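Colleague: Provided herewith: coords_12.cif, mmCIF, N, CA and C atoms and all ligand atoms.
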data_target
loop_
_atom_site.group_PDB
_atom_site.id
_atom_site.type_symbol
_atom_site.label_atom_id
_atom_site.label_comp_id
_atom_site.auth_asym_id
_atom_site.auth_seq_id
_atom_site.Cartn_x
_atom_site.Cartn_y
_atom_site.Cartn_z
ATOM 1 N N MET F 1 108.381 82.037 118.326
ATOM 2 C CA MET F 1 109.289 81.798 117.222
ATOM 3 C C MET F 1 108.474 81.332 116.011
ATOM 4 N N PHE F 2 108.822 81.849 114.845
ATOM 5 C CA PHE F 2 108.141 81.452 113.624
ATOM 6 C C PHE F 2 108.804 80.211 113.052
ATOM 7 N N ASN F 3 108.009 79.260 112.678
ATOM 8 C CA ASN F 3 108.514 78.040 112.068
ATOM 9 C C ASN F 3 108.281 78.111 110.569
ATOM 10 N N PRO F 4 109.348 78.107 109.766
ATOM 11 C CA PRO F 4 109.165 78.247 108.319
ATOM 12 C C PRO F 4 108.308 77.163 107.703
ATOM 13 N N LYS F 5 108.196 76.026 108.332
ATOM 14 C CA LYS F 5 107.390 74.939 107.772
ATOM 15 C C LYS F 5 105.891 75.261 107.856
ATOM 16 N N ASP F 6 105.525 76.224 108.724
ATOM 17 C CA ASP F 6 104.117 76.567 108.900
ATOM 18 C C ASP F 6 103.761 77.888 108.228
ATOM 19 N N THR F 7 104.549 78.344 107.320
ATOM 20 C CA THR F 7 104.307 79.676 106.777
ATOM 21 C C THR F 7 104.064 79.646 105.282
ATOM 22 N N LEU F 8 104.489 80.654 104.590
ATOM 23 C CA LEU F 8 104.179 80.817 103.175
ATOM 24 C C LEU F 8 105.087 80.025 102.250
ATOM 25 N N ARG F 9 105.975 79.223 102.776
ATOM 26 C CA ARG F 9 106.924 78.496 101.930
ATOM 27 C C ARG F 9 106.213 77.412 101.116
ATOM 28 N N ILE F 10 106.759 77.144 99.940
ATOM 29 C CA ILE F 10 106.223 76.103 99.076
ATOM 30 C C ILE F 10 106.802 74.772 99.522
ATOM 31 N N GLY F 11 105.981 73.942 100.092
ATOM 32 C CA GLY F 11 106.307 72.578 100.475
ATOM 33 C C GLY F 11 107.777 72.234 100.644
ATOM 34 N N ASP F 12 108.084 70.983 100.445
ATOM 35 C CA ASP F 12 109.448 70.484 100.594
ATOM 36 C C ASP F 12 110.016 70.027 99.261
ATOM 37 N N LYS F 13 109.528 70.570 98.159
ATOM 38 C CA LYS F 13 109.977 70.140 96.836
ATOM 39 C C LYS F 13 111.313 70.746 96.448
ATOM 40 N N PHE F 14 111.824 71.667 97.271
ATOM 41 C CA PHE F 14 113.060 72.355 96.931
ATOM 42 C C PHE F 14 114.160 71.995 97.916
ATOM 43 N N GLN F 15 115.352 71.909 97.396
ATOM 44 C CA GLN F 15 116.494 71.686 98.279
ATOM 45 C C GLN F 15 116.873 73.040 98.861
ATOM 46 N N ARG F 16 116.926 73.126 100.176
ATOM 47 C CA ARG F 16 117.206 74.386 100.836
ATOM 48 C C ARG F 16 118.529 74.288 101.570
ATOM 49 N N GLY F 17 119.057 75.457 101.921
ATOM 50 C CA GLY F 17 120.263 75.497 102.721
ATOM 51 C C GLY F 17 119.969 75.056 104.148
ATOM 52 N N ASN F 18 120.975 75.086 104.975
ATOM 53 C CA ASN F 18 120.793 74.716 106.379
ATOM 54 C C ASN F 18 119.877 75.712 107.078
ATOM 55 N N ALA F 19 119.119 75.221 108.043
ATOM 56 C CA ALA F 19 118.245 76.095 108.825
ATOM 57 C C ALA F 19 119.095 77.008 109.707
ATOM 58 N N VAL F 20 118.710 78.264 109.788
ATOM 59 C CA VAL F 20 119.382 79.231 110.653
ATOM 60 C C VAL F 20 118.316 80.033 111.386
ATOM 61 N N GLU F 21 118.725 80.742 112.407
ATOM 62 C CA GLU F 21 117.813 81.628 113.133
ATOM 63 C C GLU F 21 118.444 83.005 113.208
ATOM 64 N N PHE F 22 117.615 84.015 113.045
ATOM 65 C CA PHE F 22 118.066 85.377 113.282
ATOM 66 C C PHE F 22 116.967 86.105 114.038
ATOM 67 N N VAL F 23 117.274 87.275 114.538
ATOM 68 C CA VAL F 23 116.319 88.023 115.364
ATOM 69 C C VAL F 23 115.905 89.281 114.619
ATOM 70 N N PHE F 24 114.597 89.487 114.531
ATOM 71 C CA PHE F 24 114.065 90.719 113.947
ATOM 72 C C PHE F 24 113.213 91.405 114.992
ATOM 73 N N ASN F 25 113.642 92.556 115.436
ATOM 74 C CA ASN F 25 112.927 93.311 116.475
ATOM 75 C C ASN F 25 112.575 92.442 117.673
ATOM 76 N N GLY F 26 113.498 91.625 118.099
ATOM 77 C CA GLY F 26 113.289 90.790 119.282
ATOM 78 C C GLY F 26 112.564 89.491 119.007
ATOM 79 N N ILE F 27 112.138 89.255 117.775
ATOM 80 C CA ILE F 27 111.426 88.024 117.417
ATOM 81 C C ILE F 27 112.400 87.089 116.707
ATOM 82 N N THR F 28 112.494 85.860 117.167
ATOM 83 C CA THR F 28 113.358 84.891 116.507
ATOM 84 C C THR F 28 112.668 84.364 115.253
ATOM 85 N N VAL F 29 113.375 84.447 114.135
ATOM 86 C CA VAL F 29 112.826 84.001 112.851
ATOM 87 C C VAL F 29 113.702 82.876 112.321
ATOM 88 N N GLU F 30 113.062 81.767 111.937
ATOM 89 C CA GLU F 30 113.796 80.670 111.312
ATOM 90 C C GLU F 30 113.851 80.908 109.816
ATOM 91 N N ALA F 31 114.984 80.584 109.233
ATOM 92 C CA ALA F 31 115.172 80.780 107.795
ATOM 93 C C ALA F 31 116.136 79.716 107.289
ATOM 94 N N TYR F 32 116.497 79.833 106.013
ATOM 95 C CA TYR F 32 117.452 78.902 105.427
ATOM 96 C C TYR F 32 118.607 79.668 104.808
ATOM 97 N N GLU F 33 119.794 79.141 104.966
ATOM 98 C CA GLU F 33 120.968 79.773 104.355
ATOM 99 C C GLU F 33 120.700 80.014 102.879
ATOM 100 N N GLY F 34 121.124 81.149 102.395
ATOM 101 C CA GLY F 34 120.930 81.505 100.995
ATOM 102 C C GLY F 34 119.744 82.407 100.759
ATOM 103 N N GLU F 35 118.833 82.486 101.730
ATOM 104 C CA GLU F 35 117.678 83.361 101.573
ATOM 105 C C GLU F 35 118.047 84.792 101.943
ATOM 106 N N SER F 36 117.332 85.741 101.380
ATOM 107 C CA SER F 36 117.503 87.121 101.813
ATOM 108 C C SER F 36 116.684 87.334 103.085
ATOM 109 N N ILE F 37 117.057 88.362 103.815
ATOM 110 C CA ILE F 37 116.288 88.698 105.024
ATOM 111 C C ILE F 37 114.843 89.002 104.651
ATOM 112 N N ALA F 38 114.624 89.738 103.570
ATOM 113 C CA ALA F 38 113.265 90.091 103.159
ATOM 114 C C ALA F 38 112.427 88.845 102.867
ATOM 115 N N THR F 39 113.013 87.891 102.181
ATOM 116 C CA THR F 39 112.300 86.656 101.863
ATOM 117 C C THR F 39 111.958 85.882 103.127
ATOM 118 N N ALA F 40 112.923 85.782 104.033
ATOM 119 C CA ALA F 40 112.679 85.048 105.281
ATOM 120 C C ALA F 40 111.592 85.728 106.108
ATOM 121 N N LEU F 41 111.604 87.066 106.139
ATOM 122 C CA LEU F 41 110.574 87.776 106.897
ATOM 123 C C LEU F 41 109.206 87.564 106.259
ATOM 124 N N LEU F 42 109.131 87.650 104.953
ATOM 125 C CA LEU F 42 107.850 87.444 104.282
ATOM 126 C C LEU F 42 107.335 86.031 104.541
ATOM 127 N N ALA F 43 108.222 85.047 104.477
ATOM 128 C CA ALA F 43 107.815 83.665 104.740
ATOM 129 C C ALA F 43 107.312 83.497 106.169
ATOM 130 N N ALA F 44 107.777 84.360 107.061
ATOM 131 C CA ALA F 44 107.326 84.312 108.459
ATOM 132 C C ALA F 44 106.150 85.267 108.694
ATOM 133 N N ASN F 45 105.541 85.712 107.620
ATOM 134 C CA ASN F 45 104.393 86.622 107.686
ATOM 135 C C ASN F 45 104.716 87.971 108.308
ATOM 136 N N ILE F 46 105.943 88.402 108.190
ATOM 137 C CA ILE F 46 106.327 89.740 108.658
ATOM 138 C C ILE F 46 106.506 90.589 107.400
ATOM 139 N N VAL F 47 105.630 91.560 107.196
ATOM 140 C CA VAL F 47 105.641 92.310 105.942
ATOM 141 C C VAL F 47 106.150 93.736 106.098
ATOM 142 N N SER F 48 106.341 94.189 107.322
ATOM 143 C CA SER F 48 106.806 95.555 107.531
ATOM 144 C C SER F 48 108.221 95.542 108.093
ATOM 145 N N THR F 49 109.115 96.288 107.458
ATOM 146 C CA THR F 49 110.502 96.331 107.923
ATOM 147 C C THR F 49 110.890 97.693 108.458
ATOM 148 N N LYS F 50 110.019 98.667 108.280
ATOM 149 C CA LYS F 50 110.350 100.008 108.779
ATOM 150 C C LYS F 50 109.085 100.844 108.830
ATOM 151 N N PHE F 51 109.220 102.011 109.449
ATOM 152 C CA PHE F 51 108.146 102.995 109.417
ATOM 153 C C PHE F 51 108.646 104.221 108.678
ATOM 154 N N SER F 52 107.761 104.812 107.924
ATOM 155 C CA SER F 52 108.126 106.045 107.221
ATOM 156 C C SER F 52 108.239 107.181 108.233
ATOM 157 N N VAL F 53 108.756 108.298 107.785
ATOM 158 C CA VAL F 53 108.859 109.473 108.654
ATOM 159 C C VAL F 53 107.471 109.860 109.164
ATOM 160 N N GLY F 54 106.460 109.638 108.346
ATOM 161 C CA GLY F 54 105.089 109.950 108.751
ATOM 162 C C GLY F 54 104.464 108.901 109.651
ATOM 163 N N GLY F 55 105.204 107.807 109.926
ATOM 164 C CA GLY F 55 104.704 106.783 110.847
ATOM 165 C C GLY F 55 103.959 105.645 110.187
ATOM 166 N N TYR F 56 104.000 105.571 108.863
ATOM 167 C CA TYR F 56 103.294 104.496 108.166
ATOM 168 C C TYR F 56 104.208 103.282 107.992
ATOM 169 N N PRO F 57 103.673 102.061 108.168
ATOM 170 C CA PRO F 57 104.502 100.867 107.974
ATOM 171 C C PRO F 57 104.905 100.717 106.512
ATOM 172 N N ARG F 58 106.133 100.326 106.291
ATOM 173 C CA ARG F 58 106.654 100.115 104.940
ATOM 174 C C ARG F 58 107.313 98.747 104.897
ATOM 175 N N GLY F 59 107.406 98.179 103.732
ATOM 176 C CA GLY F 59 108.020 96.870 103.611
ATOM 177 C C GLY F 59 108.486 96.605 102.196
ATOM 178 N N PRO F 60 109.140 95.481 101.980
ATOM 179 C CA PRO F 60 109.692 95.144 100.668
ATOM 180 C C PRO F 60 108.629 95.183 99.565
ATOM 181 N N VAL F 61 109.019 95.726 98.417
ATOM 182 C CA VAL F 61 108.129 95.798 97.265
ATOM 183 C C VAL F 61 108.761 95.086 96.067
ATOM 184 N N CYS F 62 109.971 95.484 95.700
ATOM 185 C CA CYS F 62 110.553 94.992 94.445
ATOM 186 C C CYS F 62 111.420 93.733 94.618
ATOM 187 N N PHE F 63 111.994 93.543 95.760
ATOM 188 C CA PHE F 63 112.891 92.410 96.051
ATOM 189 C C PHE F 63 114.097 92.364 95.115
ATOM 190 N N MET F 64 114.473 93.499 94.559
ATOM 191 C CA MET F 64 115.660 93.517 93.694
ATOM 192 C C MET F 64 116.529 94.741 93.906
ATOM 193 N N GLY F 65 116.362 95.444 95.009
ATOM 194 C CA GLY F 65 117.256 96.536 95.359
ATOM 195 C C GLY F 65 116.924 97.889 94.784
ATOM 196 N N SER F 66 115.745 98.041 94.190
ATOM 197 C CA SER F 66 115.400 99.306 93.547
ATOM 198 C C SER F 66 114.548 100.237 94.400
ATOM 199 N N CYS F 67 113.587 99.707 95.107
ATOM 200 C CA CYS F 67 112.588 100.571 95.744
ATOM 201 C C CYS F 67 113.048 101.164 97.083
ATOM 202 N N GLN F 68 114.012 100.556 97.728
ATOM 203 C CA GLN F 68 114.536 101.029 99.017
ATOM 204 C C GLN F 68 113.519 100.924 100.152
ATOM 205 N N GLU F 69 112.430 100.230 99.948
ATOM 206 C CA GLU F 69 111.392 100.126 100.977
ATOM 207 C C GLU F 69 111.710 99.076 102.038
ATOM 208 N N CYS F 70 112.759 98.309 101.852
ATOM 209 C CA CYS F 70 113.067 97.222 102.773
ATOM 210 C C CYS F 70 114.254 97.545 103.685
ATOM 211 N N VAL F 71 114.595 98.811 103.799
ATOM 212 C CA VAL F 71 115.761 99.182 104.613
ATOM 213 C C VAL F 71 115.547 98.744 106.063
ATOM 214 N N VAL F 72 116.557 98.083 106.609
ATOM 215 C CA VAL F 72 116.574 97.671 108.016
ATOM 216 C C VAL F 72 117.923 98.094 108.601
ATOM 217 N N ARG F 73 118.049 97.946 109.892
ATOM 218 C CA ARG F 73 119.328 98.247 110.549
ATOM 219 C C ARG F 73 119.952 96.936 111.035
ATOM 220 N N ILE F 74 121.195 96.754 110.639
ATOM 221 C CA ILE F 74 121.962 95.597 111.095
ATOM 222 C C ILE F 74 123.264 96.137 111.654
ATOM 223 N N ASN F 75 123.490 95.919 112.926
ATOM 224 C CA ASN F 75 124.666 96.481 113.589
ATOM 225 C C ASN F 75 124.773 97.986 113.338
ATOM 226 N N ALA F 76 123.647 98.661 113.486
ATOM 227 C CA ALA F 76 123.544 100.118 113.357
ATOM 228 C C ALA F 76 123.786 100.622 111.939
ATOM 229 N N ARG F 77 123.890 99.727 110.971
ATOM 230 C CA ARG F 77 124.062 100.145 109.570
ATOM 231 C C ARG F 77 122.769 99.906 108.808
ATOM 232 N N LYS F 78 122.421 100.841 107.946
ATOM 233 C CA LYS F 78 121.259 100.647 107.095
ATOM 234 C C LYS F 78 121.613 99.670 105.979
ATOM 235 N N MET F 79 120.785 98.662 105.810
ATOM 236 C CA MET F 79 121.012 97.642 104.789
ATOM 237 C C MET F 79 119.678 97.345 104.106
ATOM 238 N N LEU F 80 119.745 96.883 102.877
ATOM 239 C CA LEU F 80 118.540 96.445 102.175
ATOM 240 C C LEU F 80 118.265 94.992 102.536
ATOM 241 N N ALA F 81 117.110 94.730 103.109
ATOM 242 C CA ALA F 81 116.770 93.363 103.516
ATOM 243 C C ALA F 81 116.698 92.418 102.324
ATOM 244 N N CYS F 82 116.340 92.946 101.154
ATOM 245 C CA CYS F 82 116.213 92.069 99.987
ATOM 246 C C CYS F 82 117.566 91.730 99.367
ATOM 247 N N GLN F 83 118.605 92.457 99.730
ATOM 248 C CA GLN F 83 119.929 92.241 99.145
ATOM 249 C C GLN F 83 120.913 91.683 100.168
ATOM 250 N N THR F 84 120.427 91.352 101.365
ATOM 251 C CA THR F 84 121.292 90.861 102.435
ATOM 252 C C THR F 84 120.871 89.445 102.808
ATOM 253 N N LYS F 85 121.803 88.533 102.771
ATOM 254 C CA LYS F 85 121.507 87.138 103.088
ATOM 255 C C LYS F 85 121.355 86.950 104.595
ATOM 256 N N VAL F 86 120.509 86.027 104.980
ATOM 257 C CA VAL F 86 120.374 85.698 106.396
ATOM 258 C C VAL F 86 121.655 85.029 106.886
ATOM 259 N N ALA F 87 121.890 85.146 108.163
ATOM 260 C CA ALA F 87 123.009 84.460 108.800
ATOM 261 C C ALA F 87 122.579 84.127 110.213
ATOM 262 N N HIS F 88 123.048 83.006 110.704
ATOM 263 C CA HIS F 88 122.662 82.586 112.040
ATOM 264 C C HIS F 88 123.125 83.625 113.061
ATOM 265 N N GLY F 89 122.215 84.023 113.937
ATOM 266 C CA GLY F 89 122.545 84.957 115.005
ATOM 267 C C GLY F 89 122.484 86.425 114.623
ATOM 268 N N LEU F 90 122.140 86.716 113.373
ATOM 269 C CA LEU F 90 122.047 88.106 112.925
ATOM 270 C C LEU F 90 120.966 88.833 113.734
ATOM 271 N N VAL F 91 121.231 90.079 114.101
ATOM 272 C CA VAL F 91 120.238 90.895 114.814
ATOM 273 C C VAL F 91 119.824 92.032 113.878
ATOM 274 N N VAL F 92 118.553 92.016 113.508
ATOM 275 C CA VAL F 92 118.006 92.962 112.533
ATOM 276 C C VAL F 92 116.932 93.788 113.227
ATOM 277 N N GLU F 93 116.903 95.080 112.928
ATOM 278 C CA GLU F 93 115.910 95.955 113.556
ATOM 279 C C GLU F 93 115.221 96.819 112.514
ATOM 280 N N PHE F 94 114.025 97.298 112.895
ATOM 281 C CA PHE F 94 113.312 98.280 112.080
ATOM 282 C C PHE F 94 114.214 99.454 111.780
ATOM 283 N N ASP F 95 113.982 100.089 110.657
ATOM 284 C CA ASP F 95 114.624 101.361 110.389
ATOM 285 C C ASP F 95 113.567 102.445 110.517
ATOM 286 N N GLY F 96 113.973 103.609 110.877
ATOM 287 C CA GLY F 96 113.059 104.736 110.965
ATOM 288 C C GLY F 96 112.591 104.953 112.386
ATOM 289 N N PRO F 97 111.661 105.898 112.548
ATOM 290 C CA PRO F 97 111.212 106.236 113.904
ATOM 291 C C PRO F 97 110.505 105.059 114.562
ATOM 292 N N LYS F 98 110.702 104.916 115.859
ATOM 293 C CA LYS F 98 110.003 103.874 116.610
ATOM 294 C C LYS F 98 108.589 104.364 116.882
ATOM 295 N N ILE F 99 107.635 103.523 116.610
ATOM 296 C CA ILE F 99 106.227 103.881 116.813
ATOM 297 C C ILE F 99 105.719 103.252 118.093
HETATM 298 S S1 LIG H 1 112.488 95.320 98.301
HETATM 299 FE FE1 LIG H 1 112.928 96.982 96.992
HETATM 300 S S2 LIG H 1 114.944 97.545 97.559
HETATM 301 FE FE2 LIG H 1 114.517 95.820 98.777
#
Can the structure in the file be given as structure tokens, please?
Ligand code: FES
Modeller:
Amino acid sequence: MFNPKDTLRIGDKFQRGNAVEFVFNGITVEAYEGESIATALLAANIVSTKFSVGGYPRGPVCFMGSCQECVVRINARKMLACQTKVAHGLVVEFDGPKI
């Protein structure tokens, strides 16, 4: 399990939402309410959210809904990780072919 306190987050100078956990490809990720899935994954040092058709890892680039590189599957629906807030118990999976 990734602990957000040991990752890329900036200290404790910010007031954050309540801690939550969600699952990304079978890995439990800790995050805070109000964060996007893409932000929580990046803070947990997970930079790839899908594989391209050619099999190359892809991940969030713009964090504002433009590049479409952060597409993940949530309950079998394609969603943008940068535009979707984390929620406790959410199950998120890679999009694209399994490598
Ligand atoms: S990071 Fe570009 S659309 Fe999500």
Colleague: Report as a VMD selection string the residues that result from applying the PyMOL selection byres (((chain F and resi 78-84) around 6) and not hetatm) to the structure here.
Modeller: chain F and resid 35 to 39 63 to 65 70 to 74 76 to 77 85 to 86
Colleague: Check which residues satisfy the PyMOL selection byres (((chain F and resi 29 and name CA) around 12) and not hetatm and name CA) in the file shown, then give them as a VMD selection string.
Modeller: chain F and resid 1 to 5 7 19 to 28 30 to 32 37 to 46 86 to 92
Colleague: Looking at only C-alpha atoms and all ligand atoms, which of F:Asn75, F:Lys13, F:Glu93, F:Glu69 is the one that sits closest to ligand LIG 1 (chain H)?
Modeller: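 Of all the options, F:Glu69 lies closest to ligand LIG 1 (chain H).
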Colleague: CA of Ser66 in chain F and CA of Asp95 in chain F are how many Å apart?
Modeller: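 Distance reported for this atom pair: 17.0 Å.
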Colleague: What lies within 6 Å of Lys50 in chain F using only N, CA and C atoms, ignoring chain neighbours under 5 positions off, as a list in words?
Modeller: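 Counting only the stated atoms, we get Tyr56, Pro57, Arg58, Gly59, Val71, Phe94, Asp95 and Gly96 of chain F.
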Colleague: Next, the residues of the selection above should be written as a PDB file, keeping the file's coordinate frame with N, CA and C atoms.
Modeller:
ATOM      1  N   TYR F  56     104.000 105.571 108.863  1.00  0.00           N
ATOM      2  CA  TYR F  56     103.294 104.496 108.166  1.00  0.00           C
ATOM      3  C   TYR F  56     104.208 103.282 107.992  1.00  0.00           C
ATOM      4  N   PRO F  57     103.673 102.061 108.168  1.00  0.00           N
ATOM      5  CA  PRO F  57     104.502 100.867 107.974  1.00  0.00           C
ATOM      6  C   PRO F  57     104.905 100.717 106.512  1.00  0.00           C
ATOM      7  N   ARG F  58     106.133 100.326 106.291  1.00  0.00           N
ATOM      8  CA  ARG F  58     106.654 100.115 104.940  1.00  0.00           C
ATOM      9  C   ARG F  58     107.313  98.747 104.897  1.00  0.00           C
ATOM     10  N   GLY F  59     107.406  98.179 103.732  1.00  0.00           N
ATOM     11  CA  GLY F  59     108.020  96.870 103.611  1.00  0.00           C
ATOM     12  C   GLY F  59     108.486  96.605 102.196  1.00  0.00           C
ATOM     13  N   VAL F  71     114.595  98.811 103.799  1.00  0.00           N
ATOM     14  CA  VAL F  71     115.761  99.182 104.613  1.00  0.00           C
ATOM     15  C   VAL F  71     115.547  98.744 106.063  1.00  0.00           C
ATOM     16  N   PHE F  94     114.025  97.298 112.895  1.00  0.00           N
ATOM     17  CA  PHE F  94     113.312  98.280 112.080  1.00  0.00           C
ATOM     18  C   PHE F  94     114.214  99.454 111.780  1.00  0.00           C
ATOM     19  N   ASP F  95     113.982 100.089 110.657  1.00  0.00           N
ATOM     20  CA  ASP F  95     114.624 101.361 110.389  1.00  0.00           C
ATOM     21  C   ASP F  95     113.567 102.445 110.517  1.00  0.00           C
ATOM     22  N   GLY F  96     113.973 103.609 110.877  1.00  0.00           N
ATOM     23  CA  GLY F  96     113.059 104.736 110.965  1.00  0.00           C
ATOM     24  C   GLY F  96     112.591 104.953 112.386  1.00  0.00           C
TER      25      GLY F  96
END
